[in-house]
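A short worksheet on the structure shown next.
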Amino acid sequence: MAKKEKTSTGDGSTDTGFLEAPPRANEWRRFSRVFFQRKLVVFGLVVLALLIICAIFAPWLAPYDPYVGNLGDSLAQPSWKYLLGTDIQGRDTLSRLIFGARTALIVGFGTTIAAAIAGTVLGLVAGYFGGIINMVIMRAMDTLMGFPMLLLALLISAVLGSGIQNVIIALAVATLPGYARVMHGLTLSVRENDYILAERAMGANNRRIMANHILPNTLPPMIVLVTLQLGSIILAEAGLSFLGIGIKPPGAAWGSMVYDGYRFLLSSPILSFAPGLAIMLVVFAFNMVGDGLRDALDPRLRGII
Amino acid sequence: MAELLRVNDLETQFKTESGVVKAVDGVSYYIDEQDIVGLVGESGCGKSVSQLSVMQLINPPGKIIGGQIIFEGKDLLKYPQHGPEMRSIRGAKIAMIFQEPMTSLNPVLSIGQQLTEMLVLHLKMNHEAARQRAIELMGMIGIPAPEKRIDDYPHHFSGGMRQRVMIAMGLSCNPRILIADEPTTALDVTTQAQLLELMKDMVQRFRASLVIVTHNLGVVARYARRIYIMYAGRIVESGPTKDIFGTPRHPYTMGLLKSIPRLDEEEGRKLVPIEGLPPNLINMPPTCAFLPRCSWKIDRCYKDPWPGLTPVNGNHFIRCYADTREKKN
């Protein structure tokens, strides 16, 4: 059939007289204008860039071995030799902080990626099919949501034991329902659109409709959610480590560093303050960037900012 | 011409909290090859639902509970709704386009992505061939510089252009039937006329049949060969376009025609509205559904159930007891 029409191509394009399309607002330029105009967002990006550089180049940046200390320099005050002092075992705080960035990022991204993928798929399937599938998935999510996030993570890590993998699993399960709920809601609204019906009328199957048509329409809010969650995951990891069920010493995690230093709060306050400040800065940075992304991606704010 | 699609006694119902809505109640019609058929009725009379039923796109709480849909010798209702047989018919053999051009295209995919999707799916084209074909199709529907516009997104297109794209999408896989559900309702009158003309040309070029679903008699007057008038889930009058407009016989059709202005009539004619509202489709009486609004009613209308379609003149059928030729009111 395709050959037959070849001969007549272009017949219909003669007398319609559409004008040239108007010049387009460059989406990327609009995005970057809104995104970069706020100083706090830029500040957040700088902090995150530093964090990522520290995490990747930790072995080269850290002046000392973060795990093995020099007992002779135990609890040294900040000096040119140890910029942020040392802990009870004589380990350099700055080095541990730099390696802690690695832990924070691995847990943050690992958890968020795992939870976001699983939550998105669950929410999408539940919202799209509805009925009994929806009931089973969403009631399970509600049950998980019934527990406070940290308590659930505590429970799971208590069962699985400590270690970076188990922290990721525990936090991922605890944050999963948030993604599933948001995705469920987005799917419910997107699937009612005419283009979904049109797509079905064209013979597309469910998988194609979900992957090619619903998912892309839900991405902007999901991206914002992921960014905002990264900060709270890092905070939660610090909380778990502080309570001693996250990353165990000698592994370097900011939360356990705060806990270790807290016994020497009066003599060497820097031991707790330095990792505490790092946690605060990073969480703040993630939240600022998430906010900036929301402003830049939310179509309802278009034209306002 | 050979018969392409025959719908027999189609019944589609929606279960609601206040009762069962008989949206389509025993509708029968046929479509010939390269036919143009109009399906006319007011909002809620079941015209869209009947077409969605043909595509098996009725979702719960709606359900097709009876009838036959014979297409190319096979009863489509025998196929499961989500099965591969129906999927290979939708879009490839029977395509459907919808009322709202502004929302019928996915805003996050480019026009090209949406046009090529079905070519790849149904015709198993590779991406390069599908892209070439999509550019060709966009040329046919009158989009200038299609090779540039193919990577545009729906929001770069006007409503009329989007509906053109929908027509191209509908016909892209050479379907036998294109069902256009209120294709021009959301567009202004000039664009309506252009689009109807384009649709007629395109289905002729693709040797497809066209079903125009509309509430606007003017839309079908010029293009349809045959017209079905629907009321309260049933077809009340059917016949060649000439007969429907020239000698309408069902009181409802007559009322519809009296309520719209015509260019070929004497000046100063008053437009007569049809009194009342369409009936609630829950708990319908066995008698004629148009009875409360009818100005031709006779005693028999109250006693006997709604009659079936009875021939009045050749291919012209009505569903009425009254002899509407007698008086002119």
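The chains in the structure tokens are called A, B, ... from first to last as shown; in each chain the residues are counted from 1, and the ligands are counted from 1 in the order shown.
Residue neighbourhood of Asp151 in chain B, excluding near-sequence residues (fewer than 3 positions): Ser110, Ile111, Gly112 and Lys148 of chain B, at 7 Å, using only C-alpha atoms.
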| said: I'd like the neighbourhood of Ser238 in chain B as a ChimeraX atom specification, where a residue qualifies if any of its atoms comes within 7 Å (using only C-alpha atoms), though same-chain residues fewer than 5 positions away should be ignored. | reply: /B:227-229,316-318
| task | Do a neighbour search on range 126-132 of chain A at 8 Å with only C-alpha atoms, toss out local chain neighbours closer than 3 positions, and write the hits as a ChimeraX atom specification. | result | /A:122-123,135-138,183-185,187-188,191,210
Counting only C-alpha atoms, which residues in chain B sit no more than 8 Å from chain A? For each one, give the nearest pair of atoms and the distance in Å, sorted by chain then residue number, as a tab-separated table.
residue	atom	partner	partner_atom	distance
B:Met55	CA	A:Ala201	CA	7.0
B:Leu57	CA	A:Ala201	CA	7.3
B:His82	CA	A:Asn205	CA	7.9
B:Met86	CA	A:Gly203	CA	7.5
B:Arg87	CA	A:Gly203	CA	4.4
B:Ser88	CA	A:Gly203	CA	6.2
B:Ile89	CA	A:Gly203	CA	7.0
B:Arg90	CA	A:Gly203	CA	4.5
B:Gly91	CA	A:Met202	CA	3.8
B:Ala92	CA	A:Met202	CA	7.2
B:Ala95	CA	A:Met202	CA	6.3
B:Met96	CA	A:Ala201	CA	6.1
B:Ile97	CA	A:Ala198	CA	6.8
B:Phe98	CA	A:Ala198	CA	7.1
B:Glu100	CA	A:Asp194	CA	7.5
B:Thr103	CA	A:Asp194	CA	5.6
B:Ser104	CA	A:Tyr195	CA	4.1
B:Leu105	CA	A:Tyr195	CA	5.0
B:Asn106	CA	A:Tyr195	CA	5.6
B:Pro107	CA	A:Asn217	CA	7.9
B:Val108	CA	A:Asn217	CA	6.3
B:Met118	CA	A:Met202	CA	7.0
B:Leu121	CA	A:Ala204	CA	8.0
B:Arg133	CA	A:Ala2	CA	7.7
B:Glu136	CA	A:Thr9	CA	6.1
B:Leu137	CA	A:Thr9	CA	7.8
B:Gly139	CA	A:Gly10	CA	4.9
B:Met140	CA	A:Gly12	CA	4.7
B:Ile141	CA	A:Gly12	CA	5.6
B:Gly142	CA	A:Ser13	CA	3.7
B:Ile143	CA	A:Ser13	CA	6.2
B:Pro144	CA	A:Ser13	CA	6.3
B:His156	CA	A:Ala21	CA	7.2
B:Phe157	CA	A:Ala21	CA	7.9
B:Gly170	CA	A:Met202	CA	7.5
B:Asn174	CA	A:Met1	CA	7.5
B:Leu198	CA	A:Gly12	CA	8.0
Could you write those residues out with N, CA and C atoms, as an mmCIF file, in the first residue's frame?
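The resulting file, out.cif, is shown below:
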data_model
loop_
_atom_site.group_PDB
_atom_site.id
_atom_site.type_symbol
_atom_site.label_atom_id
_atom_site.label_comp_id
_atom_site.auth_asym_id
_atom_site.auth_seq_id
_atom_site.Cartn_x
_atom_site.Cartn_y
_atom_site.Cartn_z
ATOM 1 N N MET B 55 -14.968 -1.091 18.820
ATOM 2 C CA MET B 55 -13.528 -1.230 19.060
ATOM 3 C C MET B 55 -13.244 -2.042 20.320
ATOM 4 N N LEU B 57 -13.592 -0.966 23.355
ATOM 5 C CA LEU B 57 -12.865 -0.070 24.254
ATOM 6 C C LEU B 57 -13.746 0.376 25.411
ATOM 7 N N HIS B 82 -8.870 -7.625 25.669
ATOM 8 C CA HIS B 82 -7.465 -7.232 25.696
ATOM 9 C C HIS B 82 -6.582 -8.179 24.907
ATOM 10 N N MET B 86 -7.913 -8.440 19.042
ATOM 11 C CA MET B 86 -8.499 -7.103 19.032
ATOM 12 C C MET B 86 -7.421 -6.053 18.817
ATOM 13 N N ARG B 87 -6.264 -6.268 19.445
ATOM 14 C CA ARG B 87 -5.190 -5.276 19.282
ATOM 15 C C ARG B 87 -4.724 -5.177 17.838
ATOM 16 N N SER B 88 -4.765 -6.320 17.128
ATOM 17 C CA SER B 88 -4.302 -6.245 15.741
ATOM 18 C C SER B 88 -5.392 -5.687 14.833
ATOM 19 N N ILE B 89 -6.610 -5.552 15.351
ATOM 20 C CA ILE B 89 -7.670 -4.917 14.561
ATOM 21 C C ILE B 89 -7.689 -3.418 14.831
ATOM 22 N N ARG B 90 -7.572 -3.067 16.105
ATOM 23 C CA ARG B 90 -7.568 -1.639 16.460
ATOM 24 C C ARG B 90 -6.394 -0.939 15.804
ATOM 25 N N GLY B 91 -6.684 0.122 15.109
ATOM 26 C CA GLY B 91 -5.613 0.890 14.482
ATOM 27 C C GLY B 91 -5.224 0.347 13.126
ATOM 28 N N ALA B 92 -5.152 -0.976 13.007
ATOM 29 C CA ALA B 92 -4.712 -1.558 11.742
ATOM 30 C C ALA B 92 -5.884 -1.788 10.793
ATOM 31 N N ALA B 95 -9.791 2.074 12.649
ATOM 32 C CA ALA B 95 -9.124 3.130 13.407
ATOM 33 C C ALA B 95 -10.171 4.118 13.889
ATOM 34 N N MET B 96 -9.837 4.841 14.941
ATOM 35 C CA MET B 96 -10.811 5.761 15.516
ATOM 36 C C MET B 96 -10.109 7.060 15.880
ATOM 37 N N ILE B 97 -10.738 8.185 15.573
ATOM 38 C CA ILE B 97 -10.190 9.452 16.043
ATOM 39 C C ILE B 97 -11.241 10.166 16.871
ATOM 40 N N PHE B 98 -10.771 11.007 17.768
ATOM 41 C CA PHE B 98 -11.650 11.512 18.808
ATOM 42 C C PHE B 98 -11.884 13.005 18.693
ATOM 43 N N GLU B 100 -11.486 15.679 20.842
ATOM 44 C CA GLU B 100 -10.653 16.765 21.338
ATOM 45 C C GLU B 100 -9.257 16.708 20.739
ATOM 46 N N THR B 103 -6.286 17.319 23.218
ATOM 47 C CA THR B 103 -5.836 16.355 24.222
ATOM 48 C C THR B 103 -5.645 14.957 23.662
ATOM 49 N N SER B 104 -5.857 14.785 22.359
ATOM 50 C CA SER B 104 -5.754 13.439 21.809
ATOM 51 C C SER B 104 -4.324 13.056 21.439
ATOM 52 N N LEU B 105 -3.407 14.011 21.557
ATOM 53 C CA LEU B 105 -2.007 13.689 21.305
ATOM 54 C C LEU B 105 -1.238 13.796 22.616
ATOM 55 N N ASN B 106 -0.303 12.887 22.797
ATOM 56 C CA ASN B 106 0.489 12.875 24.016
ATOM 57 C C ASN B 106 1.436 14.079 24.028
ATOM 58 N N PRO B 107 1.323 14.955 25.049
ATOM 59 C CA PRO B 107 2.097 16.195 25.019
ATOM 60 C C PRO B 107 3.605 16.008 25.123
ATOM 61 N N VAL B 108 4.053 14.885 25.645
ATOM 62 C CA VAL B 108 5.499 14.748 25.855
ATOM 63 C C VAL B 108 6.209 13.990 24.734
ATOM 64 N N MET B 118 2.687 3.514 15.418
ATOM 65 C CA MET B 118 1.771 2.502 14.910
ATOM 66 C C MET B 118 2.296 1.836 13.643
ATOM 67 N N LEU B 121 4.505 -0.714 14.917
ATOM 68 C CA LEU B 121 3.765 -1.765 15.627
ATOM 69 C C LEU B 121 2.972 -2.656 14.665
ATOM 70 N N ARG B 133 7.588 7.460 5.924
ATOM 71 C CA ARG B 133 6.148 7.320 5.710
ATOM 72 C C ARG B 133 5.381 8.397 6.492
ATOM 73 N N GLU B 136 5.615 11.592 4.669
ATOM 74 C CA GLU B 136 4.695 11.518 3.535
ATOM 75 C C GLU B 136 3.258 11.796 3.971
ATOM 76 N N LEU B 137 2.853 11.131 5.070
ATOM 77 C CA LEU B 137 1.487 11.301 5.575
ATOM 78 C C LEU B 137 1.240 12.750 5.984
ATOM 79 N N GLY B 139 2.604 15.328 4.745
ATOM 80 C CA GLY B 139 2.439 16.088 3.512
ATOM 81 C C GLY B 139 1.024 15.949 2.979
ATOM 82 N N MET B 140 0.522 14.712 3.000
ATOM 83 C CA MET B 140 -0.828 14.452 2.473
ATOM 84 C C MET B 140 -1.905 15.215 3.223
ATOM 85 N N ILE B 141 -1.745 15.379 4.535
ATOM 86 C CA ILE B 141 -2.779 16.065 5.293
ATOM 87 C C ILE B 141 -2.555 17.572 5.302
ATOM 88 N N GLY B 142 -1.563 18.028 4.541
ATOM 89 C CA GLY B 142 -1.416 19.462 4.358
ATOM 90 C C GLY B 142 -0.659 20.168 5.449
ATOM 91 N N ILE B 143 0.332 19.522 6.041
ATOM 92 C CA ILE B 143 1.216 20.209 6.979
ATOM 93 C C ILE B 143 2.414 20.670 6.155
ATOM 94 N N PRO B 144 2.666 21.977 6.076
ATOM 95 C CA PRO B 144 3.801 22.421 5.271
ATOM 96 C C PRO B 144 5.126 22.032 5.912
ATOM 97 N N HIS B 156 3.134 22.717 19.655
ATOM 98 C CA HIS B 156 3.533 23.615 18.570
ATOM 99 C C HIS B 156 2.468 23.688 17.480
ATOM 100 N N PHE B 157 1.456 22.818 17.555
ATOM 101 C CA PHE B 157 0.454 22.718 16.499
ATOM 102 C C PHE B 157 -0.862 23.329 16.956
ATOM 103 N N GLY B 170 -4.790 7.986 12.175
ATOM 104 C CA GLY B 170 -5.870 7.023 12.004
ATOM 105 C C GLY B 170 -5.710 6.222 10.725
ATOM 106 N N ASN B 174 -3.445 1.974 6.920
ATOM 107 C CA ASN B 174 -4.421 1.562 5.906
ATOM 108 C C ASN B 174 -5.590 0.776 6.478
ATOM 109 N N LEU B 198 -10.959 17.215 3.847
ATOM 110 C CA LEU B 198 -9.710 16.445 3.915
ATOM 111 C C LEU B 198 -9.993 14.989 4.264
#
| query | If we count only C-alpha atoms, what is near range 43-60 of chain A at a cut-off of 6 Å, once residues fewer than 4 positions away on the same chain are taken out, given as an NGL selection string? | reply | :A and (98-99 or 101-102 or 285 or 288-289)
Limited to N, CA and C atoms, could you put the picked residues into a file as an mmCIF file, in the first residue's frame?
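Result saved to out.cif:
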data_model
loop_
_atom_site.group_PDB
_atom_site.id
_atom_site.type_symbol
_atom_site.label_atom_id
_atom_site.label_comp_id
_atom_site.auth_asym_id
_atom_site.auth_seq_id
_atom_site.Cartn_x
_atom_site.Cartn_y
_atom_site.Cartn_z
ATOM 1 N N ILE A 98 35.846 12.913 54.598
ATOM 2 C CA ILE A 98 35.886 12.777 53.146
ATOM 3 C C ILE A 98 35.410 11.380 52.729
ATOM 4 N N PHE A 99 35.852 10.369 53.463
ATOM 5 C CA PHE A 99 35.374 9.017 53.141
ATOM 6 C C PHE A 99 33.904 8.859 53.505
ATOM 7 N N ALA A 101 31.685 11.043 52.985
ATOM 8 C CA ALA A 101 30.925 11.558 51.846
ATOM 9 C C ALA A 101 30.606 10.413 50.887
ATOM 10 N N ARG A 102 31.569 9.508 50.742
ATOM 11 C CA ARG A 102 31.365 8.356 49.884
ATOM 12 C C ARG A 102 30.186 7.520 50.396
ATOM 13 N N ALA A 285 21.529 21.331 50.924
ATOM 14 C CA ALA A 285 21.836 21.476 49.497
ATOM 15 C C ALA A 285 20.847 20.671 48.650
ATOM 16 N N MET A 288 17.487 22.413 48.596
ATOM 17 C CA MET A 288 17.481 23.615 47.761
ATOM 18 C C MET A 288 17.419 23.248 46.286
ATOM 19 N N VAL A 289 18.232 22.269 45.890
ATOM 20 C CA VAL A 289 18.250 21.874 44.484
ATOM 21 C C VAL A 289 16.892 21.275 44.097
#
